[in-house]
Amino acid sequence: MRQCEILPFLLLRVRLPGKLSELNIHYGVFVGGMGDFSQIFLGLLSPFRGCLSDAVYNGVHLLRVARERGSTRRVAGGCSDQFAASTGATMVFTERTAFAVLRPETVAVSPSGTVPGAFPAPSLATTIQLQLRTAVEDGSVVHLESETPERPGQSAQPQSPPPRVELLLRSGRLRLTVTTISGWQAHLDGTTTVADNEWHQIAVSVSATSASLSMDGGDVVQYNMSASDLTFTVRVAPAEGELLFVGGDGGLVRRFTLHELLQGSVRYVHSGSESDRDWLELQPSLPSAGPLVLDVLVSPVDDPPRLTLTSDILTMPAGARLPLDGDLVRLSDPDTDPDRVVVTVTADGAHVELADRPGQTVGEFTQAQLDSGEVEVVLGSAATAQLTLRASDGRSRSVPAQLHVDMFPLQVTEVRNSELVVPLGSAAVITTEKLQFRTNDPGGDLELLLTATSPPAAGQLQRLRGNKRWEPTDSFTLLHLQRGAVRYRHTGSRPGRDTLRLRLSYRGLPWPSEVTFHISAVSVSPRLVYNRELVINRAQEAAVGGDHLLAVCEPATDGHAAVTFLLVSTPQFGDLFYVEPRSGRRTLLIVGSVFSQEDVNGTRIIFRLHRRSLSAFSDEFRFRLGVDTSERDLGRRAVTGATKKVQSVVQTFQVRHVPARTAGMIAIGKLEVGEGGSVTLTSDVIKIDIPRVEALLFNVTDPPVHGRLRLSGGGDVRHFTSGDLDAGRLRYEHDDSETRRDRFSFVARSLTPGAALRYRGSVSVSVTLKNDEPPRRVSSAPLFVARGGRRAVRRAQLAFADADLGTTAADIQYRRRSLPAGALYLHPDYQTEVVRFSQADIDADRLVLQHTGKDRSRALLWVSDGVHYATAELEIVASEPFVRVRPAPSLAVPRGDIQTLTAAQLWPETNIEVSDENIRFVVTGTPAHGSLRMRGSPAAEFSFSDVLQNATEYENDGSVAARDSLQLEVRAGRLSSNASLEFHVLPESYWEPLRVVHNRTALVAEGGSVTVSADHLQLMHTSVDPAHVRYTVTAGPLSGYLLLLGRATRPEHITFSQADVDAGNLSYVQTAANTTEDSFGFSVTNGIVSTAGLRFVLEVAPSRLRLVTRNVSALEGGTVTVPATALGVASAYHRRRLSHFQVQQRPRHGRLQLRDRPGEPLDTVSIADLRAGRVQYAHAGDETREDCLTGAMHTETESSESGTLCFEIGGVNDRTPRLVNNTGVTVFAGGATVVTTTQLDAADADRPPDRLRFLVSAAAECGQVTLTSDPGSPVTAFTRDQLVAGQVAVGSVNSGKGPDGRTREVSSFTQADINASRVLYEQEAPLDALSGRDSVLLRVETPHARPTDAPSGWRCVVSVTAMTRGEGGRGTVTPRQLDVEGVAAFLRSHAAAGRAPELRVRLTTPPRHGALSVPLDSRLTASDIADGRLVYQHDHSDSSADSFGYSLLLVTPAWYRAPLQRLRWTVTITAVNDQPFRLETPAPGVRVVQKQMVVIEHTHLHVIDADNPASRHRIPHHQRTEPRRAGAC
């Protein structure tokens, strides 16, 4: 028994038979085949095909031994996954992934020229025979593909799939699939299963017109098609040839059959062009077949070169170089490589050179050299030149081409050369208006070349390239100048002049002289020409135009310098919009937005009110002027950000709204409150009386800054109603701050249906201050003094301040308690030691310490503001005299820029008294990479006074050094010491502002914490590491605290870096209950630039849902929309998650309803309906004045506690008053009787009793109705309150009779006589008829009223205080300076109820030396003056006083105007000595007799000063030189 292992595939065990068949290895062991062994006793065995890993016989590795002995035949080392075999080889697949690939014979198609015979067709003619044994039901048995050739010229079209034949297994049966090149498929399915693990004989046959599938000799499936039935239609004809029929008329082929194709009757004929490929597209007539694309390969035929000229006559300057290029010479030979096409040239009056061999004449060149522009014709000095060109490819030559050149001597004339003015650091285009030349070229289009012989010293010459970018250049042409494609960019940091030296040439012909072009770089700054108020007159919007706002750049330049307006603040009552010029689309302008003067001139900046208003008001926005020197379009940057260039101080643009006239009266009063106190607001403070408006809703648009508004029994309010004012439920509470004034603004709108009203107003609050703040220390430092010397005590060592407004430095008093080392004196009295002194003495440097005793001591002091007290210490340090510089950090300087040295870097410390001017700094070591400058000039010495005046600067030289230093010696008298100032030089990018990447609200659970990550807060700077971006918390948080990881305690001042935020080290811990939001303010810096005033918001997710309701005002019997603010929740977190409000108890006197479902009670209010304004409250119409409902707010997961929503019902006067008592009274003759409610009374269901009035419509027959306070004057009306108070009486009068009861004839009488029925008419003349007429002519007279100029007149109630302003100053006229409230109060107290006229201030005469902010004849109310609308601006003249006239004007409800009094308001002007002396004498001098004297008068020498009149001020004359001849003055 022997065992043979064929590893790793087979393990074969064989039992050996007897002797005759024993295992014989005399001839060796054969593995896989017999090689060249020819003995037949082994039988005819087929060799093994495949892979053997190893073969072992009796422990011997046969393959290894055979390889070592070299006894192998056709055996390769290793095992390949694929191998080749002939088509007749037998294959057995033992693995699921094994397969065989067969390639059929392909028919080559390569038509060339006119091809006789048949046009062959692609074929998949294939016959396959195989034996198949399988148990698999689905798979691929045979997959046969034919290659698809690439279609030239059709790279953009997708390639069709290759034609293929597939024999597949589907559900155990065979399927034959034939796919043509067009994508058409034919299927033949077998009828019996072959997946039975038995052997099956399979035959497949495919031709162009048929296909068949047979299994086991029976059962054949096939299809056949006649060659004449299959047609092809030409869909796309060949582009470089034609399809023709062979024989007959040989016409074009549009359609042909397969039979004609097989017979060779279709021919392709090429057109003879140089193309090497062609293609055509056919459509077979097979069902669902796609198009068939045939490719044509064309064999080229050699053609002679073709050489032509675009022009055969040229005119050129003599001596110029003429390039031979494609613009002049056209040469083509597709059959030959350009290096092998040679052009020969013969020339007369010129010669040809190659660019790489200048000065060497050549007689020939190649097409490649011609195409690359290396060939030039050098013209001579003769009048003409002739050239003949001919091309050859070595086999054939082109037709000769001749070129004739006429020549002329070149002349260049400089037409224009003027200086270019460029904004500093900007660019300007060099146009032909600045630099222009003219030549004597007959055609006038010579393209002169200008080349810079040396680059500009402070700038760069640039040219506009085809990529629309400006790139550096050293040359340009006249055509570039004409196109505006040449510019100069200034790159220096200082203004100055630069020079550009240019050499002119034309195609190698130089012009002998150079041209010098000058450039001047100037600093450009904006100047505001005028800033005029915009008046919105009875409209809602108006444009800010060039007649309102005009700014210019100075000086004027040739470069791009546009004036820009950077918005610093936006209007309060409106918005600014930028209008796109073409589309008209509006873009909202915000803080940081930029617009240009061009936008203003084009009226593209619009101011629009938030809503229409019935009130007059002033508004403003603030801006900075800037200069933009970039080439970007400002229109597209209208909202993108700030200008980088020079920016001016903040300017204010005023806007005034003039409302449309309306009937009724609106009067806004002033509140007066004590510091920390409260006051009730009533309808006397806010009085809006408009016809048909019964109820008003007031929305607080700007709440008080130093207080708050509260409703009785409630919290802070943002809206209230006229009912709140009438009932006195609204109060203002001051916050106890040290502020004299406060105010709040509101918008009032009507709640009456059909009565539209919207009014914007504001209420001013006057606060009476009290002294409730103790003095607090604001600065503290040791006082250094020389031993035994004197030293002034200054604010730096000792300063207190009092937060109480109005407290001055003189009010803060000090009292010395103990002073162990010296005495205090007030300069200049050093004989009297002081115990008491004030902060004003310290501020004036009058308090002086005389040192004695110990070197270190402390002075103890009492400090008081007159009411409160505090204690203070003054540390005193005595030593030997010294002067030194306080150590300071290095000064950051932009590379190549200038930085001012400030006191922060050079602060001298000394213990002796010395002035700032006498503290000197001497340079002992100059900077290595810069220079020290003072007021623009190099400096080697300066004083501390110069430092305080910002006159000392360090200028860096722009080198790459990162650090520099300055060595100094500081001197004070004979004292000195050394100091060093370090400079840290950084790129200019470090001064770019920090960019806010993220500042997003963080959500924190109530009582929880949250990590403030970079997703919430991230500020970055491109040049600074996040660890150097430092945050400082400046305010808050109030409802929690910030926690920094790694800090054991919470510091008083919290600072952290962006790196801390990025690492998640910053957390916020929420601690306060019932809060919905918290925040903290912060500033951030990179050590160089800072950004302040930032705020980070934290939204608190409360632990429970809290309902917040606000009362709604409605009219009796009316319907009102329930605003979304009436039903809300306390937190923004829950506000976004609300679903509905559920009514638990309905209102008793009305109902909730939807707007589109009136009359249907609503119990479930969806938030969507509420916010859309679809929820209404409808009142039942009874006389109730309040109605309430109860309900709860819901989210999807939470519900609030029950709450109450109340409706305040405004009454409607729809009920008639009725008499309750009317008994009459008995009056004795000549007497009077008081009428009480027992005799006369009335009631009204709509009005309270105190609002009822009785009108006397007819006089009593024998008496009159009077008031007990004035029994002689009859009245026509009285109130019920007067009845209740017993103030109404009826008196007896003898009608029409005198004192004795008799009547008398009169010629005059009074209105009082008429009212008392004392005037009678007696008829005396007889009548001619039953009736007659009579008449009397009356003249009505009244005595003049008392003059208002009397001390008891208007001046007693008009408070006028003069204003004091400096020359050129500006001031707002305040109610304290022009207070007409006394007049208004007088009018209200003396007018009938509800009929008080409105008081206006009318401007009558303008000031002579200034201007007012409002036009002449303007009519201002007291509210306008309180709002600061009246502003006086002095004209900077040398005047000492000014005034303007005004009058008081009464405006009645019927708009009748009655002038009261003309008055004047004065301004005292404080002169400023800003005018220089002026010598008025043309030639000063006197004539004097020898040895005599003469008086020098003003005719000899006259100097005037506009600021100082000669009568009041002495103008000193200083003698500069002695008289030359023994004279004296």
# chains A, B, ... in the order shown; residues from 1 in each chain; ligands from 1
call {"tool": "residues_around", "arguments": {"residues": "A:Phe1096", "least_positions_apart": "2", "cutoff": "8 Å", "atoms": "only C-alpha atoms", "output": "PyMOL selection string"}}
result
chain A and resi 999-1001+1017+1079-1082+1094+1098
call {"tool": "select_by_dssp", "arguments": {"residues": "stretch 448-650 of chain A", "states": "alpha helix (DSSP H)", "output": "mmCIF file with C-alpha atoms, in the first residue's frame"}}
result
data_model
loop_
_atom_site.group_PDB
_atom_site.id
_atom_site.type_symbol
_atom_site.label_atom_id
_atom_site.label_comp_id
_atom_site.auth_asym_id
_atom_site.auth_seq_id
_atom_site.Cartn_x
_atom_site.Cartn_y
_atom_site.Cartn_z
ATOM 1 C CA LEU A 478 0.767 104.046 -25.911
ATOM 2 C CA LEU A 479 -2.180 101.739 -26.513
ATOM 3 C CA HIS A 480 -2.043 100.699 -22.844
ATOM 4 C CA LEU A 481 -2.210 104.381 -21.875
ATOM 5 C CA GLN A 482 -5.224 104.938 -24.102
ATOM 6 C CA GLN A 597 -21.068 110.425 -1.182
ATOM 7 C CA GLU A 598 -22.039 109.091 -4.595
ATOM 8 C CA ASP A 599 -24.865 107.154 -2.950
ATOM 9 C CA VAL A 600 -26.003 110.355 -1.209
ATOM 10 C CA ASN A 601 -25.862 112.373 -4.422
#
call {"tool": "select_by_dssp", "arguments": {"residues": "stretch 647-696 of chain A", "states": "strand (DSSP E or B)", "output": "PyMOL selection string"}}
result
chain A and resi 647-658+665-668+670-674+678-681+686-689+696
call {"tool": "write_last_selection", "arguments": {"atoms": "N, CA and C atoms", "output": "tab-separated table (two decimals), in the first residue's frame"}}
result
chain	number	residue	atom	x	y	z
A	647	GLN	N	-10.41	108.21	9.27
A	647	GLN	CA	-11.78	108.42	9.74
A	647	GLN	C	-11.83	109.65	10.61
A	648	SER	N	-12.89	110.44	10.46
A	648	SER	CA	-13.04	111.70	11.17
A	648	SER	C	-13.65	111.44	12.54
A	649	VAL	N	-13.86	112.55	13.25
A	649	VAL	CA	-14.61	112.46	14.49
A	649	VAL	C	-16.06	112.13	14.18
A	650	VAL	N	-16.79	111.73	15.21
A	650	VAL	CA	-18.19	111.34	15.01
A	650	VAL	C	-19.02	112.57	14.70
A	651	GLN	N	-19.80	112.50	13.63
A	651	GLN	CA	-20.71	113.57	13.23
A	651	GLN	C	-22.15	113.10	13.45
A	652	THR	N	-23.05	114.06	13.64
A	652	THR	CA	-24.46	113.75	13.89
A	652	THR	C	-25.31	114.36	12.79
A	653	PHE	N	-26.17	113.56	12.20
A	653	PHE	CA	-27.10	114.03	11.18
A	653	PHE	C	-28.49	114.09	11.80
A	654	GLN	N	-29.10	115.26	11.71
A	654	GLN	CA	-30.39	115.49	12.35
A	654	GLN	C	-31.53	115.23	11.38
A	655	VAL	N	-32.60	114.64	11.91
A	655	VAL	CA	-33.82	114.38	11.15
A	655	VAL	C	-34.99	114.93	11.97
A	656	ARG	N	-35.86	115.67	11.31
A	656	ARG	CA	-37.02	116.24	11.99
A	656	ARG	C	-38.28	115.84	11.24
A	657	HIS	N	-39.25	115.39	12.02
A	657	HIS	CA	-40.53	114.98	11.43
A	657	HIS	C	-41.59	116.03	11.73
A	658	VAL	N	-42.25	116.49	10.68
A	658	VAL	CA	-43.37	117.42	10.80
A	658	VAL	C	-44.64	116.63	10.52
A	665	MET	N	-56.48	117.88	20.90
A	665	MET	CA	-55.36	118.44	21.62
A	665	MET	C	-54.53	117.33	22.24
A	666	ILE	N	-53.21	117.48	22.16
A	666	ILE	CA	-52.27	116.55	22.78
A	666	ILE	C	-51.32	117.38	23.62
A	667	ALA	N	-51.24	117.08	24.90
A	667	ALA	CA	-50.36	117.81	25.81
A	667	ALA	C	-49.64	116.80	26.70
A	668	ILE	N	-48.30	116.87	26.72
A	668	ILE	CA	-47.49	115.98	27.53
A	668	ILE	C	-46.81	116.81	28.59
A	670	LYS	N	-44.68	117.19	32.53
A	670	LYS	CA	-43.41	116.76	33.10
A	670	LYS	C	-43.66	116.17	34.48
A	671	LEU	N	-42.92	115.08	34.78
A	671	LEU	CA	-42.99	114.47	36.10
A	671	LEU	C	-41.88	115.04	36.97
A	672	GLU	N	-42.19	115.25	38.24
A	672	GLU	CA	-41.19	115.66	39.21
A	672	GLU	C	-41.19	114.64	40.33
A	673	VAL	N	-40.00	114.15	40.69
A	673	VAL	CA	-39.87	113.08	41.67
A	673	VAL	C	-38.59	113.30	42.44
A	674	GLY	N	-38.59	112.91	43.69
A	674	GLY	CA	-37.38	112.97	44.48
A	674	GLY	C	-36.49	111.78	44.21
A	678	SER	N	-41.12	107.97	44.12
A	678	SER	CA	-42.05	107.54	43.09
A	678	SER	C	-43.14	108.59	42.95
A	679	VAL	N	-43.82	108.58	41.79
A	679	VAL	CA	-44.88	109.54	41.52
A	679	VAL	C	-45.91	108.87	40.61
A	680	THR	N	-47.17	109.27	40.75
A	680	THR	CA	-48.25	108.69	39.95
A	680	THR	C	-48.42	109.46	38.65
A	681	LEU	N	-48.59	108.74	37.55
A	681	LEU	CA	-48.89	109.35	36.26
A	681	LEU	C	-50.39	109.34	36.05
A	686	ILE	N	-50.19	112.92	30.74
A	686	ILE	CA	-50.32	112.52	29.34
A	686	ILE	C	-51.76	112.76	28.94
A	687	LYS	N	-52.00	113.87	28.27
A	687	LYS	CA	-53.37	114.24	27.91
A	687	LYS	C	-53.50	114.19	26.40
A	688	ILE	N	-54.24	113.22	25.89
A	688	ILE	CA	-54.50	113.09	24.47
A	688	ILE	C	-56.01	113.10	24.28
A	689	ASP	N	-56.50	114.20	23.74
A	689	ASP	CA	-57.94	114.39	23.57
A	689	ASP	C	-58.22	114.55	22.08
A	696	LEU	N	-57.19	104.47	24.70
A	696	LEU	CA	-55.86	104.42	24.08
A	696	LEU	C	-55.02	103.34	24.72
call {"tool": "residues_around", "arguments": {"residues": "A:Thr491", "least_positions_apart": "5", "cutoff": "8 Å", "atoms": "only C-alpha atoms", "output": "JSON, numbers by chain"}}
result
{"A": [425, 426, 458, 459, 460]}
call {"tool": "residues_around", "arguments": {"residues": "A:Val341", "least_positions_apart": "3", "cutoff": "6 Å", "atoms": "only C-alpha atoms", "output": "list of chain:residue names"}}
result
A:Pro338, A:Thr366, A:Gln367, A:Ser392, A:Asp393
call {"tool": "atom_distance", "arguments": {"atom1": "atom CA of A:Val1069", "atom2": "atom CA of A:Tyr1041"}}
result
5.4 Å
call {"tool": "residues_around", "arguments": {"residues": "A:Arg708", "least_positions_apart": "5", "cutoff": "7 Å", "atoms": "only C-alpha atoms", "output": "PDB file with N, CA, C and O atoms, in the first residue's frame"}}
result
ATOM      1  N   ASP A 716     -43.097  95.509  36.466  1.00  0.00           N
ATOM      2  CA  ASP A 716     -42.735  96.479  35.435  1.00  0.00           C
ATOM      3  C   ASP A 716     -43.639  96.310  34.221  1.00  0.00           C
ATOM      4  O   ASP A 716     -44.050  95.204  33.878  1.00  0.00           O
ATOM      5  N   TYR A 732     -44.269 105.986  38.337  1.00  0.00           N
ATOM      6  CA  TYR A 732     -42.852 106.000  37.972  1.00  0.00           C
ATOM      7  C   TYR A 732     -42.035 105.926  39.252  1.00  0.00           C
ATOM      8  O   TYR A 732     -42.277 106.687  40.196  1.00  0.00           O
ATOM      9  N   GLU A 733     -41.064 104.984  39.304  1.00  0.00           N
ATOM     10  CA  GLU A 733     -40.213 104.814  40.479  1.00  0.00           C
ATOM     11  C   GLU A 733     -38.767 105.084  40.077  1.00  0.00           C
ATOM     12  O   GLU A 733     -38.244 104.445  39.155  1.00  0.00           O
ATOM     13  N   HIS A 734     -38.130 106.016  40.744  1.00  0.00           N
ATOM     14  CA  HIS A 734     -36.735 106.352  40.458  1.00  0.00           C
ATOM     15  C   HIS A 734     -35.818 105.314  41.095  1.00  0.00           C
ATOM     16  O   HIS A 734     -36.127 104.748  42.148  1.00  0.00           O
TER      17      HIS A 734
END
call {"tool": "residues_around", "arguments": {"residues": "A:Arg1215", "least_positions_apart": "4", "cutoff": "10 Å", "atoms": "only C-alpha atoms", "output": "PDB file with N, CA, C and O atoms, in the first residue's frame"}}
result
ATOM      1  N   ASP A1244     -76.416 109.201  35.757  1.00  0.00           N
ATOM      2  CA  ASP A1244     -76.117 108.693  34.413  1.00  0.00           C
ATOM      3  C   ASP A1244     -75.406 107.363  34.580  1.00  0.00           C
ATOM      4  O   ASP A1244     -74.387 107.268  35.279  1.00  0.00           O
ATOM      5  N   ALA A1245     -75.942 106.308  33.919  1.00  0.00           N
ATOM      6  CA  ALA A1245     -75.337 104.978  34.046  1.00  0.00           C
ATOM      7  C   ALA A1245     -73.959 104.907  33.408  1.00  0.00           C
ATOM      8  O   ALA A1245     -73.164 104.021  33.715  1.00  0.00           O
ATOM      9  N   ASP A1246     -73.643 105.836  32.468  1.00  0.00           N
ATOM     10  CA  ASP A1246     -72.364 105.797  31.769  1.00  0.00           C
ATOM     11  C   ASP A1246     -71.268 106.594  32.447  1.00  0.00           C
ATOM     12  O   ASP A1246     -70.097 106.431  32.114  1.00  0.00           O
ATOM     13  N   ARG A1247     -71.617 107.500  33.313  1.00  0.00           N
ATOM     14  CA  ARG A1247     -70.633 108.408  33.855  1.00  0.00           C
ATOM     15  C   ARG A1247     -70.735 108.431  35.373  1.00  0.00           C
ATOM     16  O   ARG A1247     -71.826 108.348  35.940  1.00  0.00           O
TER      17      ARG A1247
END
